[in-house]
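Okay, work33.csv is below, CSV, N, CA and C atoms:
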chain,number,residue,atom,x,y,z
N,170,MET,N,-3.2,-8.1,-0.4
N,170,MET,CA,-2.8,-7.9,-1.8
N,170,MET,C,-1.7,-6.8,-1.9
N,171,HIS,N,-1.9,-5.7,-1.1
N,171,HIS,CA,-1.0,-4.6,-1.2
N,171,HIS,C,0.4,-4.9,-0.6
N,172,ALA,N,0.5,-5.9,0.3
N,172,ALA,CA,1.8,-6.2,0.9
N,172,ALA,C,2.5,-7.3,0.1
N,173,HIS,N,1.9,-7.8,-0.9
N,173,HIS,CA,2.5,-8.9,-1.7
N,173,HIS,C,3.8,-8.4,-2.4
N,174,PRO,N,4.9,-9.1,-2.4
N,174,PRO,CA,6.2,-8.7,-3.0
N,174,PRO,C,6.1,-8.3,-4.5
N,175,LEU,N,5.1,-8.9,-5.2
N,175,LEU,CA,5.0,-8.6,-6.6
N,175,LEU,C,4.1,-7.4,-6.9
N,176,ARG,N,3.5,-6.9,-5.9
N,176,ARG,CA,2.4,-5.8,-6.1
N,176,ARG,C,2.9,-4.7,-6.9
N,177,HIS,N,4.1,-4.3,-6.9
N,177,HIS,CA,4.5,-3.1,-7.6
N,177,HIS,C,5.4,-3.4,-8.8
N,178,GLU,N,5.4,-4.7,-9.2
N,178,GLU,CA,6.2,-5.2,-10.4
N,178,GLU,C,5.2,-5.3,-11.6
N,179,PRO,N,5.7,-4.9,-12.8
N,179,PRO,CA,4.8,-5.1,-14.0
N,179,PRO,C,4.7,-6.6,-14.2
N,180,PRO,N,3.6,-7.0,-14.7
N,180,PRO,CA,2.3,-6.3,-15.0
N,180,PRO,C,1.4,-6.2,-13.8
N,181,TYR,N,1.8,-6.7,-12.6
N,181,TYR,CA,0.9,-6.8,-11.5
N,181,TYR,C,0.7,-5.4,-10.9
N,182,ASP,N,1.5,-4.4,-11.2
N,182,ASP,CA,1.3,-3.1,-10.6
N,182,ASP,C,0.0,-2.5,-11.1
N,183,LYS,N,-0.4,-2.9,-12.3
N,183,LYS,CA,-1.6,-2.3,-12.9
N,183,LYS,C,-2.8,-3.2,-12.6
N,184,ASP,N,-2.6,-4.5,-12.4
N,184,ASP,CA,-3.7,-5.5,-12.1
N,184,ASP,C,-3.3,-6.5,-11.1
N,185,PRO,N,-3.2,-6.1,-9.8
N,185,PRO,CA,-2.7,-7.0,-8.7
N,185,PRO,C,-3.5,-8.2,-8.5
N,186,ASP,N,-4.8,-8.2,-9.0
N,186,ASP,CA,-5.6,-9.5,-8.8
N,186,ASP,C,-5.0,-10.6,-9.6
N,187,THR,N,-4.1,-10.3,-10.6
N,187,THR,CA,-3.6,-11.4,-11.4
N,187,THR,C,-2.3,-12.0,-10.9
N,188,ILE,N,-1.9,-11.6,-9.7
N,188,ILE,CA,-0.7,-12.2,-9.1
N,188,ILE,C,-0.9,-13.6,-8.8
N,189,PRO,N,-0.1,-14.5,-9.4
N,189,PRO,CA,-0.3,-16.0,-9.1
N,189,PRO,C,-0.2,-16.3,-7.6
N,190,GLY,N,-1.2,-17.1,-7.2
N,190,GLY,CA,-1.1,-17.5,-5.8
N,190,GLY,C,-1.6,-16.5,-4.8
N,191,LEU,N,-2.0,-15.3,-5.3
N,191,LEU,CA,-2.4,-14.2,-4.4
N,191,LEU,C,-3.5,-14.6,-3.4
N,192,PHE,N,-4.5,-15.4,-3.8
N,192,PHE,CA,-5.6,-15.7,-2.9
N,192,PHE,C,-5.4,-16.9,-2.0
N,193,ARG,N,-4.2,-17.5,-2.1
N,193,ARG,CA,-4.0,-18.8,-1.4
N,193,ARG,C,-3.6,-18.5,0.1
N,194,ASN,N,-2.9,-17.4,0.4
N,194,ASN,CA,-2.4,-17.2,1.7
N,194,ASN,C,-2.9,-15.9,2.4
N,195,LEU,N,-4.1,-15.4,2.0
N,195,LEU,CA,-4.6,-14.2,2.5
N,195,LEU,C,-5.0,-14.5,4.0
N,196,LYS,N,-4.7,-13.5,4.8
N,196,LYS,CA,-5.1,-13.5,6.2
N,196,LYS,C,-6.6,-13.2,6.3
N,197,PRO,N,-7.4,-13.9,7.2
N,197,PRO,CA,-8.8,-13.6,7.3
N,197,PRO,C,-9.0,-12.2,7.9
N,198,ILE,N,-10.1,-11.6,7.6
N,198,ILE,CA,-10.5,-10.4,8.2
N,198,ILE,C,-10.8,-10.7,9.7
N,199,LYS,N,-10.5,-9.7,10.5
N,199,LYS,CA,-10.8,-9.9,12.0
N,199,LYS,C,-12.2,-10.4,12.2
N,200,ASP,N,-12.3,-11.4,13.0
N,200,ASP,CA,-13.6,-12.0,13.4
N,200,ASP,C,-14.4,-12.7,12.3
N,201,ALA,N,-13.8,-12.8,11.1
N,201,ALA,CA,-14.6,-13.4,10.0
N,201,ALA,C,-14.8,-14.9,10.1
N,202,VAL,N,-13.8,-15.6,10.4
N,202,VAL,CA,-13.9,-17.1,10.5
N,202,VAL,C,-14.9,-17.4,11.7
N,203,GLY,N,-14.7,-16.8,12.8
N,203,GLY,CA,-15.6,-17.1,13.9
N,203,GLY,C,-17.1,-16.7,13.6
N,204,SER,N,-17.3,-15.6,13.0
N,204,SER,CA,-18.6,-15.2,12.6
N,204,SER,C,-19.3,-16.1,11.6
N,205,VAL,N,-18.5,-16.5,10.6
N,205,VAL,CA,-19.0,-17.4,9.6
N,205,VAL,C,-19.3,-18.7,10.2
N,206,ASN,N,-18.5,-19.2,11.1
N,206,ASN,CA,-18.8,-20.5,11.8
N,206,ASN,C,-20.1,-20.4,12.6
N,207,LYS,N,-20.4,-19.2,13.2
N,207,LYS,CA,-21.7,-19.0,13.9
N,207,LYS,C,-22.8,-19.2,12.9
N,208,LEU,N,-22.7,-18.6,11.7
N,208,LEU,CA,-23.7,-18.7,10.7
N,208,LEU,C,-23.9,-20.2,10.2
N,209,LEU,N,-22.7,-20.8,10.1
N,209,LEU,CA,-22.8,-22.2,9.6
N,209,LEU,C,-23.5,-23.1,10.6
N,210,ARG,N,-23.3,-22.8,11.9
N,210,ARG,CA,-23.9,-23.6,13.0
N,210,ARG,C,-25.4,-23.3,13.2
N,211,SER,N,-25.8,-22.1,12.7
N,211,SER,CA,-27.1,-21.6,13.0
N,211,SER,C,-28.2,-22.5,12.1
N,212,ASP,N,-29.3,-22.7,12.8
N,212,ASP,CA,-30.4,-23.4,12.0
N,212,ASP,C,-31.1,-22.4,11.1
N,213,LYS,N,-30.8,-21.1,11.3
N,213,LYS,CA,-31.5,-20.0,10.6
N,213,LYS,C,-31.1,-19.9,9.1
N,214,TYR,N,-29.8,-20.3,8.8
N,214,TYR,CA,-29.3,-20.1,7.5
N,214,TYR,C,-28.7,-21.3,6.8
N,215,GLU,N,-28.8,-21.4,5.5
N,215,GLU,CA,-28.0,-22.3,4.7
N,215,GLU,C,-26.9,-21.5,4.0
N,216,VAL,N,-25.7,-21.6,4.5
N,216,VAL,CA,-24.6,-20.7,4.0
N,216,VAL,C,-23.9,-21.3,2.8
N,217,TYR,N,-23.7,-20.4,1.8
N,217,TYR,CA,-22.9,-20.7,0.7
N,217,TYR,C,-21.9,-19.6,0.5
N,218,PHE,N,-20.8,-19.8,-0.1
N,218,PHE,CA,-19.7,-18.8,-0.3
N,218,PHE,C,-19.8,-18.4,-1.8
N,219,LEU,N,-20.0,-17.2,-2.0
N,219,LEU,CA,-20.2,-16.6,-3.4
N,219,LEU,C,-19.0,-15.7,-3.6
N,220,SER,N,-18.2,-15.9,-4.6
N,220,SER,CA,-17.0,-15.1,-4.8
N,220,SER,C,-16.8,-15.0,-6.3
N,221,THR,N,-16.0,-13.9,-6.6
N,221,THR,CA,-15.5,-13.7,-8.0
N,221,THR,C,-14.0,-14.0,-8.0
N,222,ALA,N,-13.6,-14.7,-9.0
N,222,ALA,CA,-12.1,-14.9,-9.2
N,222,ALA,C,-11.7,-14.2,-10.5
N,223,PRO,N,-10.6,-13.5,-10.4
N,223,PRO,CA,-10.2,-12.8,-11.6
N,223,PRO,C,-10.0,-13.8,-12.8
N,224,TRP,N,-10.6,-13.4,-13.9
N,224,TRP,CA,-10.5,-14.3,-15.1
N,224,TRP,C,-9.1,-14.5,-15.6
N,225,GLY,N,-8.3,-13.5,-15.4
N,225,GLY,CA,-6.9,-13.6,-15.8
N,225,GLY,C,-6.0,-14.3,-14.8
N,226,ASN,N,-6.5,-14.8,-13.8
N,226,ASN,CA,-5.7,-15.5,-12.7
N,226,ASN,C,-6.3,-16.8,-12.4
N,227,THR,N,-6.0,-17.8,-13.2
N,227,THR,CA,-6.7,-19.1,-13.1
N,227,THR,C,-6.4,-19.8,-11.8
N,228,SER,N,-5.2,-19.5,-11.1
N,228,SER,CA,-4.9,-20.1,-9.9
N,228,SER,C,-5.9,-19.6,-8.8
N,229,ALA,N,-6.5,-18.4,-9.0
N,229,ALA,CA,-7.4,-17.8,-8.0
N,229,ALA,C,-8.6,-18.7,-7.7
N,230,TRP,N,-9.1,-19.4,-8.8
N,230,TRP,CA,-10.2,-20.3,-8.6
N,230,TRP,C,-9.9,-21.4,-7.6
N,231,THR,N,-8.8,-22.1,-7.8
N,231,THR,CA,-8.4,-23.1,-6.9
N,231,THR,C,-7.9,-22.6,-5.5
N,232,ASP,N,-7.2,-21.5,-5.5
N,232,ASP,CA,-6.7,-20.9,-4.3
N,232,ASP,C,-7.9,-20.6,-3.4
N,233,LYS,N,-8.9,-20.0,-3.9
N,233,LYS,CA,-10.1,-19.6,-3.0
N,233,LYS,C,-10.7,-20.9,-2.4
N,234,ARG,N,-10.9,-21.9,-3.2
N,234,ARG,CA,-11.5,-23.1,-2.7
N,234,ARG,C,-10.6,-23.8,-1.6
N,235,ILE,N,-9.3,-23.8,-1.8
N,235,ILE,CA,-8.4,-24.4,-0.8
N,235,ILE,C,-8.4,-23.5,0.5
N,236,TRP,N,-8.4,-22.2,0.3
N,236,TRP,CA,-8.4,-21.3,1.4
N,236,TRP,C,-9.6,-21.5,2.3
N,237,LEU,N,-10.8,-21.6,1.7
N,237,LEU,CA,-12.0,-21.9,2.4
N,237,LEU,C,-12.0,-23.2,3.2
N,238,GLU,N,-11.5,-24.2,2.5
N,238,GLU,CA,-11.4,-25.5,3.2
N,238,GLU,C,-10.5,-25.5,4.4
N,239,GLU,N,-9.4,-24.8,4.3
N,239,GLU,CA,-8.5,-24.6,5.4
N,239,GLU,C,-9.1,-23.9,6.6
N,240,GLN,N,-9.9,-22.9,6.3
N,240,GLN,CA,-10.6,-22.2,7.3
N,240,GLN,C,-11.8,-22.9,8.0
N,241,PHE,N,-12.6,-23.6,7.1
N,241,PHE,CA,-13.8,-24.1,7.6
N,241,PHE,C,-14.0,-25.6,7.5
N,242,GLY,N,-13.0,-26.3,7.0
N,242,GLY,CA,-13.0,-27.8,6.9
N,242,GLY,C,-14.1,-28.3,5.9
N,243,ASP,N,-14.5,-29.5,6.2
N,243,ASP,CA,-15.4,-30.1,5.3
N,243,ASP,C,-16.9,-29.6,5.4
N,244,THR,N,-17.1,-28.7,6.3
N,244,THR,CA,-18.5,-28.2,6.5
N,244,THR,C,-18.9,-27.3,5.3
N,245,ILE,N,-17.9,-26.9,4.5
N,245,ILE,CA,-18.2,-26.1,3.3
N,245,ILE,C,-18.2,-26.9,2.0
N,246,ASN,N,-18.1,-28.2,2.1
N,246,ASN,CA,-18.0,-29.0,0.9
N,246,ASN,C,-19.1,-28.8,0.0
N,247,ARG,N,-18.8,-28.4,-1.2
N,247,ARG,CA,-19.8,-28.1,-2.3
N,247,ARG,C,-20.7,-26.9,-2.0
N,248,LYS,N,-20.1,-25.9,-1.3
N,248,LYS,CA,-20.8,-24.7,-0.9
N,248,LYS,C,-20.1,-23.5,-1.5
N,249,LEU,N,-19.3,-23.6,-2.5
N,249,LEU,CA,-18.6,-22.5,-3.1
N,249,LEU,C,-19.1,-22.3,-4.5
N,250,ILE,N,-19.5,-21.0,-4.7
N,250,ILE,CA,-20.0,-20.6,-6.1
N,250,ILE,C,-19.1,-19.5,-6.5
N,251,LEU,N,-18.4,-19.7,-7.7
N,251,LEU,CA,-17.5,-18.7,-8.3
N,251,LEU,C,-18.3,-18.2,-9.5
N,252,THR,N,-18.5,-16.9,-9.5
N,252,THR,CA,-19.2,-16.2,-10.6
N,252,THR,C,-18.8,-14.8,-10.8
N,253,HIS,N,-19.0,-14.3,-12.0
N,253,HIS,CA,-18.8,-12.8,-12.2
N,253,HIS,C,-20.1,-12.1,-12.2
N,254,ARG,N,-21.2,-12.8,-11.9
N,254,ARG,CA,-22.5,-12.2,-11.9
N,254,ARG,C,-23.3,-12.7,-10.7
N,255,LYS,N,-23.0,-12.0,-9.6
N,255,LYS,CA,-23.6,-12.3,-8.3
N,255,LYS,C,-25.1,-12.0,-8.3
N,256,ASP,N,-25.6,-11.2,-9.2
N,256,ASP,CA,-27.0,-10.9,-9.3
N,256,ASP,C,-27.8,-12.0,-9.9
N,257,LEU,N,-27.1,-13.0,-10.5
N,257,LEU,CA,-27.9,-14.1,-11.1
N,257,LEU,C,-28.1,-15.2,-10.1
N,258,VAL,N,-27.4,-15.2,-8.9
N,258,VAL,CA,-27.5,-16.2,-7.9
N,258,VAL,C,-28.7,-15.9,-7.1
N,259,LYS,N,-29.5,-17.0,-6.8
N,259,LYS,CA,-30.7,-16.9,-5.9
N,259,LYS,C,-30.3,-16.9,-4.5
N,260,GLY,N,-30.9,-16.1,-3.6
N,260,GLY,CA,-30.6,-16.2,-2.2
N,260,GLY,C,-31.3,-15.1,-1.5
N,261,ASP,N,-31.3,-15.1,-0.2
N,261,ASP,CA,-32.0,-14.1,0.6
N,261,ASP,C,-31.0,-13.0,1.1
N,262,ILE,N,-29.8,-13.4,1.3
N,262,ILE,CA,-28.8,-12.4,1.9
N,262,ILE,C,-27.5,-12.6,1.2
N,263,LEU,N,-26.8,-11.5,0.9
N,263,LEU,CA,-25.5,-11.5,0.3
N,263,LEU,C,-24.6,-10.6,1.2
N,264,ILE,N,-23.6,-11.1,1.8
N,264,ILE,CA,-22.6,-10.2,2.5
N,264,ILE,C,-21.4,-10.0,1.6
N,265,ASP,N,-21.2,-8.8,1.2
N,265,ASP,CA,-20.2,-8.5,0.2
N,265,ASP,C,-19.6,-7.1,0.5
N,266,ASP,N,-18.3,-6.9,0.3
N,266,ASP,CA,-17.7,-5.6,0.6
N,266,ASP,C,-17.7,-4.6,-0.6
N,267,ARG,N,-18.1,-5.1,-1.7
N,267,ARG,CA,-18.1,-4.2,-2.9
N,267,ARG,C,-19.4,-4.4,-3.7
N,268,PRO,N,-19.8,-3.3,-4.4
N,268,PRO,CA,-21.0,-3.4,-5.2
N,268,PRO,C,-20.8,-4.1,-6.6
N,269,ASN,N,-19.6,-4.5,-6.8
N,269,ASN,CA,-19.1,-5.0,-8.1
N,269,ASN,C,-19.7,-6.4,-8.4
N,270,ASN,N,-19.7,-6.7,-9.7
N,270,ASN,CA,-20.1,-8.0,-10.2
N,270,ASN,C,-21.5,-8.4,-9.8
N,271,GLY,N,-22.4,-7.4,-9.8
N,271,GLY,CA,-23.8,-7.7,-9.5
N,271,GLY,C,-24.2,-7.7,-8.1
N,272,ALA,N,-23.3,-7.5,-7.1
N,272,ALA,CA,-23.6,-7.6,-5.7
N,272,ALA,C,-24.7,-6.5,-5.4
N,273,LYS,N,-24.6,-5.3,-5.9
N,273,LYS,CA,-25.5,-4.3,-5.5
N,273,LYS,C,-26.9,-4.6,-6.2
N,274,ASP,N,-27.0,-5.4,-7.2
N,274,ASP,CA,-28.2,-5.8,-7.8
N,274,ASP,C,-28.7,-7.1,-7.4
N,275,PHE,N,-28.2,-7.7,-6.4
N,275,PHE,CA,-28.6,-9.0,-5.8
N,275,PHE,C,-30.1,-8.9,-5.4
N,276,GLU,N,-30.8,-9.9,-5.7
N,276,GLU,CA,-32.3,-9.9,-5.5
N,276,GLU,C,-32.7,-9.9,-4.0
N,277,GLY,N,-31.9,-10.4,-3.2
N,277,GLY,CA,-32.2,-10.4,-1.7
N,277,GLY,C,-31.6,-9.2,-1.1
N,278,GLU,N,-31.3,-9.3,0.2
N,278,GLU,CA,-30.7,-8.2,1.0
N,278,GLU,C,-29.2,-8.2,0.8
N,279,TRP,N,-28.7,-7.1,0.4
N,279,TRP,CA,-27.2,-7.0,0.3
N,279,TRP,C,-26.7,-6.3,1.5
N,280,ILE,N,-25.9,-7.0,2.3
N,280,ILE,CA,-25.2,-6.4,3.5
N,280,ILE,C,-23.9,-6.0,3.0
N,281,HIS,N,-23.7,-4.7,2.9
N,281,HIS,CA,-22.5,-4.0,2.4
N,281,HIS,C,-21.5,-4.0,3.5
N,282,PHE,N,-20.7,-5.1,3.5
N,282,PHE,CA,-19.6,-5.2,4.6
N,282,PHE,C,-18.6,-4.1,4.4
N,283,GLY,N,-18.3,-3.5,5.6
N,283,GLY,CA,-17.3,-2.3,5.6
N,283,GLY,C,-18.0,-1.0,5.4
N,284,SER,N,-19.3,-1.0,5.3
N,284,SER,CA,-20.0,0.2,5.1
N,284,SER,C,-20.3,0.8,6.5
N,285,GLU,N,-21.0,2.0,6.5
N,285,GLU,CA,-21.3,2.6,7.8
N,285,GLU,C,-22.2,1.7,8.7
N,286,ASN,N,-23.2,1.1,8.0
N,286,ASN,CA,-24.1,0.2,8.7
N,286,ASN,C,-23.5,-1.1,9.2
N,287,PHE,N,-22.6,-1.6,8.4
N,287,PHE,CA,-22.0,-2.9,8.7
N,287,PHE,C,-20.4,-2.8,8.6
N,288,PRO,N,-19.8,-2.1,9.5
N,288,PRO,CA,-18.4,-1.8,9.4
N,288,PRO,C,-17.5,-3.1,9.8
N,289,ASP,N,-18.1,-4.1,10.4
N,289,ASP,CA,-17.3,-5.2,10.9
N,289,ASP,C,-18.2,-6.4,11.0
N,290,TRP,N,-17.6,-7.6,11.3
N,290,TRP,CA,-18.3,-8.8,11.5
N,290,TRP,C,-19.3,-8.8,12.7
N,291,SER,N,-18.9,-8.1,13.7
N,291,SER,CA,-19.8,-8.0,14.9
N,291,SER,C,-21.1,-7.4,14.5
N,292,SER,N,-21.1,-6.3,13.7
N,292,SER,CA,-22.4,-5.7,13.3
N,292,SER,C,-23.2,-6.6,12.4
N,293,VAL,N,-22.5,-7.4,11.5
N,293,VAL,CA,-23.2,-8.3,10.7
N,293,VAL,C,-23.9,-9.4,11.5
N,294,ILE,N,-23.2,-10.0,12.4
N,294,ILE,CA,-23.8,-11.0,13.3
N,294,ILE,C,-24.9,-10.5,14.1
N,295,LYS,N,-24.7,-9.3,14.6
N,295,LYS,CA,-25.8,-8.7,15.4
N,295,LYS,C,-27.1,-8.6,14.6
N,296,HIS,N,-26.9,-8.2,13.3
N,296,HIS,CA,-28.1,-8.0,12.4
N,296,HIS,C,-28.7,-9.4,12.1
N,297,LEU,N,-27.9,-10.4,11.9
N,297,LEU,CA,-28.4,-11.7,11.4
N,297,LEU,C,-28.8,-12.6,12.5
N,298,LEU,N,-28.2,-12.6,13.6
N,298,LEU,CA,-28.5,-13.5,14.7
N,298,LEU,C,-29.1,-12.8,15.9
Please express what this file holds, its structure, as structure tokens.
Amino acid sequence: MHAHPLRHEPPYDKDPDTIPGLFRNLKPIKDAVGSVNKLLRSDKYEVYFLSTAPWGNTSAWTDKRIWLEEQFGDTINRKLILTHRKDLVKGDILIDDRPNNGAKDFEGEWIHFGSENFPDWSSVIKHLL
């Protein structure tokens, strides 16, 4: 987001999440795709993708779905949940990098990605598998 050419142009300088097409071409976090594929192949978990899309950026909803399909193919068909209230979704584990949108209040275990305990995908996979 910070490298996007419109990042410092009004009105996006104040709200970069609203840049049209922003979520369409993001580069994956190091080891993210391989780690999620390990979880998808595991008999231990039923994996869903839970994300928040900015309300003021309607392209984000479609962009996130297309991005996931490009990374994971048809294995994620009908496994995307877009919501602004992650605490209302039922599940055992949530991997999320921010406490926002109910992530910190998720009823199961919240794995705070990027935190001291889970700084990267290697630490997440070690914990889960």
Taking all atoms listed in the file into account, produce a table as JSON lines in which each residue of segment 179-209 of chain N with an atom at most 5 Å from an atom of segment 225-249 of chain N appears once, together with its shortest atom pair and the distance in Å to one decimal, ordered by chain and rising number.
{"residue": "N:Thr187", "atom": "CA", "partner": "N:Asn226", "partner_atom": "CA", "distance": 4.8}
{"residue": "N:Phe192", "atom": "C", "partner": "N:Asp232", "partner_atom": "C", "distance": 4.7}
{"residue": "N:Arg193", "atom": "CA", "partner": "N:Asp232", "partner_atom": "CA", "distance": 4.5}
Distance of atom CA of Arg176 of chain N from atom N of Arg267 of chain N, expressed in Å to one decimal place: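 Here the two named atoms are 21.0 Å from each other.
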In Å, rounded to a single decimal, give me how far atom C of Trp224 of chain N is from atom C of Asp182 of chain N. 15.7 Å
Run DSSP on the backbone and grab whatever in chain N lands in alpha helix (DSSP H); send it over as a ChimeraX atom specification. /N:201-210,227-241,290-297
Between atom N of Leu297 of chain N and atom CA of Asn206 of chain N - distance in Å to one decimal: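 Between atom CA of Asn206 of chain N and atom N of Leu297 of chain N the gap works out to 13.6 Å.
Nearest to Trp279 of chain N of all the residues N:Met170, N:Leu257, N:Ile262, N:Val293 is N:Ile262, based on only N, CA and C atoms.
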My list of candidates is N:His253, N:Lys207, N:Lys199, N:Lys273. Which is closest to Pro223 of chain N when distances are computed with only C-alpha atoms? N:His253
Counting all atoms listed in the file, which of N:Leu195, N:Ala222, N:Ala172, N:Ile280 gets nearest to Leu251 of chain N?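 Of N:Leu195, N:Ala222, N:Ala172, N:Ile280, the one nearest Leu251 of chain N is N:Ala222, counting all atoms listed in the file.
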Among chain N, which ones does DSSP place in strand (DSSP E or B), written as a PyMOL selection string? chain N and resi 218-220+249-251+262-265+278-281
